[in-house]
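Have a look at the structure below before the remarks.
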Amino acid sequence: MSASLSAAGTLDPPRPDPAPRPEPLPTRLASLTSLRFFAAFAVFTHHFNGVGPGGGVWHVPALFPYSKIGVHGVTFFFVLSGFLLTWSHKPGGQRKIFYWRRIGRIYPAHLVAMALALFVFYVLGTDRTDILSLVTSLLLVQTWFPQVVPNLPGNPVTWTLSVELLFYALFPLFIGRLKQLRTRALGLLTLAGLAGMWAVNCLADHYLGDHDAGWVMRHPVVYLPQFFIGVAFAIAMRRGYRLPLRPYAVVLLILAYTVVYTRADEWAGGTVAHQMETTVRPVVAVLSALLIAACVQNEAAGRSRLLTRRSLMLLGASSYAFYLVHQSVNEVIRLYWPGEPDSNVAIVFLVGAFLVSQTLAWLLYRYVEEPAQQWWSKRGPRPRPRQTGGKAVA
């Protein structure tokens, strides 16, 4: 945007950014639904394989240490949330309708999966909790309290839903103002947020103990920059901005980063490895945003054949349910079929755990998540009719 002098010597108002004229983008993004499955599967693989030899459900040397990057599959979901909420946002939407629908989207499947998790972890297993911790996990506010028992009470994976709730609470309040910002300002805010995330990680790691540092790095506020980069990319793409990227190029970049991230200690020493650990969240957020943008552009150009397959889309649609139940399945295997440390035979159990988790996920999605969401939406607030030319328009 720039200003210029008119013939009369007065200063003209600033001109808006030139609007590119690329191909129209699809309203429904099937490829992003499919990508959700791969992110959930990455988290599942990390939980199954653990963070070190002898860890996890049954350690698989063939997958380790590369499977450690799977824990940051949740970053993809945070970025995707910001992107999709912004992509589907319509000016004038009522906040109470948005909040009502988010509750119907999140809580029914969560409560059913919670019942399974409580039975597995606290009845069959040896985990212990208290009433306050249990209530916070049921309400999905556990990440706001540093003294919950254990660190991830209830269904342990739902700490990410506690983060998502903050995103949902803030989104209707600020999306209108964010859309008024210039694209360059959005970019600068995004970079500042990611730099702040890195700084918090460094400070927590340097000054806090393991427990407090872990709580800080699970706090919802810390993850706001990851949500915001998804919002910024969606706004920019709606304005016509495009990236000269194909999905395969971003996937190769992610694979290369995974290798460097997991091998940094032995290749470059502890100092470099530590720096990569403090920057991994912002870096994965950027890579996730690039992958989302590349897939959206690919789908708009009619080139997204793999990610628009019905089978992958169904797996992606049930990925939320899969995420909710997979750790309970892993825990049952850990309790009743403990494996030999560092054995590739565990691949068989990994495949079995995936199939069982996916079956439970489909049942949860088909008979709880979808019908509950529809039932909830029908009983919620209705949009106010818009006034057009003195007439109400629904």
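Simple scheme: letters A, B, ... for chains in structure tokens order, numbers from 1 for residues in each chain, numbers from 1 for ligands in the order shown.
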Task: Contacts of A:Tyr257 at 10 Å (only C-alpha atoms; same-chain gap of 4+ positions) as a VMD selection string - done: chain A and resid 69 251 to 253 261 to 263 280 283 to 284 287
May I have the residues from that selection written out with all heavy atoms, as a short mmCIF file (atom, residue, chain, number, x, y, z; two decimals), in the first residue's frame?
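Full text of result.cif as output:
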```cif
data_model
loop_
_atom_site.label_atom_id
_atom_site.label_comp_id
_atom_site.auth_asym_id
_atom_site.auth_seq_id
_atom_site.Cartn_x
_atom_site.Cartn_y
_atom_site.Cartn_z
N ILE A 69 9.17 -37.34 16.21
CA ILE A 69 8.57 -36.14 15.62
C ILE A 69 7.05 -36.24 15.65
O ILE A 69 6.35 -35.22 15.55
CB ILE A 69 9.07 -35.94 14.18
CG1 ILE A 69 8.83 -34.49 13.71
CG2 ILE A 69 8.42 -36.92 13.23
CD1 ILE A 69 9.71 -33.47 14.35
N VAL A 251 6.44 -32.26 1.70
CA VAL A 251 6.61 -33.55 2.37
C VAL A 251 8.09 -33.93 2.43
O VAL A 251 8.59 -34.38 3.47
CB VAL A 251 5.79 -34.65 1.66
CG1 VAL A 251 6.16 -36.03 2.22
CG2 VAL A 251 4.30 -34.40 1.84
N LEU A 252 8.80 -33.73 1.34
CA LEU A 252 10.24 -34.01 1.34
C LEU A 252 10.97 -33.11 2.34
O LEU A 252 11.90 -33.56 3.02
CB LEU A 252 10.81 -33.81 -0.07
CG LEU A 252 10.40 -34.86 -1.11
CD1 LEU A 252 10.96 -34.47 -2.48
CD2 LEU A 252 10.88 -36.25 -0.71
N LEU A 253 10.55 -31.86 2.42
CA LEU A 253 11.15 -30.94 3.38
C LEU A 253 10.89 -31.41 4.81
O LEU A 253 11.79 -31.36 5.67
CB LEU A 253 10.59 -29.54 3.17
CG LEU A 253 11.19 -28.40 4.00
CD1 LEU A 253 12.68 -28.27 3.72
CD2 LEU A 253 10.47 -27.09 3.70
N TYR A 261 16.44 -33.33 12.74
CA TYR A 261 15.99 -33.11 14.12
C TYR A 261 16.32 -34.30 15.01
O TYR A 261 16.79 -34.15 16.15
CB TYR A 261 14.48 -32.85 14.10
CG TYR A 261 13.81 -32.94 15.46
CD1 TYR A 261 14.01 -31.95 16.42
CD2 TYR A 261 12.97 -34.01 15.76
CE1 TYR A 261 13.39 -32.04 17.66
CE2 TYR A 261 12.34 -34.09 17.00
CZ TYR A 261 12.56 -33.11 17.94
OH TYR A 261 11.95 -33.21 19.16
N THR A 262 16.09 -35.50 14.51
CA THR A 262 16.28 -36.69 15.34
C THR A 262 17.74 -37.12 15.43
O THR A 262 18.13 -37.83 16.36
CB THR A 262 15.44 -37.87 14.81
OG1 THR A 262 15.73 -38.07 13.42
CG2 THR A 262 13.97 -37.60 14.97
N ARG A 263 18.58 -36.69 14.47
CA ARG A 263 19.99 -37.08 14.47
C ARG A 263 20.92 -35.94 14.87
O ARG A 263 22.15 -36.09 14.80
CB ARG A 263 20.37 -37.58 13.08
CG ARG A 263 19.66 -38.85 12.65
CD ARG A 263 20.07 -40.02 13.52
NE ARG A 263 19.42 -41.26 13.09
CZ ARG A 263 19.56 -42.43 13.71
NH1 ARG A 263 20.33 -42.50 14.80
NH2 ARG A 263 18.96 -43.52 13.28
N VAL A 280 11.60 -26.56 17.66
CA VAL A 280 10.84 -27.54 16.88
C VAL A 280 9.37 -27.15 16.75
O VAL A 280 8.76 -27.34 15.68
CB VAL A 280 10.98 -28.95 17.49
CG1 VAL A 280 10.41 -29.02 18.90
CG2 VAL A 280 10.34 -29.99 16.60
N VAL A 283 9.01 -24.36 14.09
CA VAL A 283 9.38 -24.88 12.77
C VAL A 283 8.30 -25.80 12.22
O VAL A 283 7.90 -25.71 11.05
CB VAL A 283 10.74 -25.61 12.84
CG1 VAL A 283 11.01 -26.36 11.54
CG2 VAL A 283 11.86 -24.61 13.10
N VAL A 284 7.80 -26.71 13.05
CA VAL A 284 6.75 -27.62 12.60
C VAL A 284 5.47 -26.84 12.26
O VAL A 284 4.74 -27.21 11.34
CB VAL A 284 6.48 -28.71 13.65
CG1 VAL A 284 5.27 -29.55 13.27
CG2 VAL A 284 7.71 -29.60 13.81
N LEU A 287 6.06 -25.52 8.78
CA LEU A 287 5.97 -26.62 7.81
C LEU A 287 4.52 -27.08 7.64
O LEU A 287 4.09 -27.40 6.52
CB LEU A 287 6.84 -27.79 8.28
CG LEU A 287 8.35 -27.55 8.27
CD1 LEU A 287 9.09 -28.74 8.89
CD2 LEU A 287 8.85 -27.28 6.86
#
```
Open item on the list: Applying 8 Å and only C-alpha atoms, which residues near A:Tyr365 remain after dropping the ones on its own chain fewer than 3 positions away? List them as a PyMOL selection string.
Closed with: chain A and resi 109+318+321+361-362+368-370
Open item on the list: Between atom CA of A:Tyr323 and atom CA of A:Leu140, what distance in Å does the model show, to one decimal?
Closed with: 15.1 Å
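The nearest approach to A:Pro282 among the residues A:Leu194, A:Ala268, A:Leu208, A:Leu203, with only C-alpha atoms taken into account, belongs to A:Leu194.
Compared by their closest atoms to A:Val123, and using only C-alpha atoms, the residues A:Leu165, A:Ala234, A:Met217, A:Gly154 rank with A:Gly154 nearest.
Of the residues listed (A:Gln94, A:Tyr99, A:Thr308, A:Gly70), A:Tyr99 shows the shortest atom-to-atom separation from A:Ser377; distances use only C-alpha atoms.
Shortest separation to A:Val120 among A:Gln226, A:Ser137, A:Thr258, A:Asn155 occurs at residue A:Asn155, atoms counted being only C-alpha atoms.
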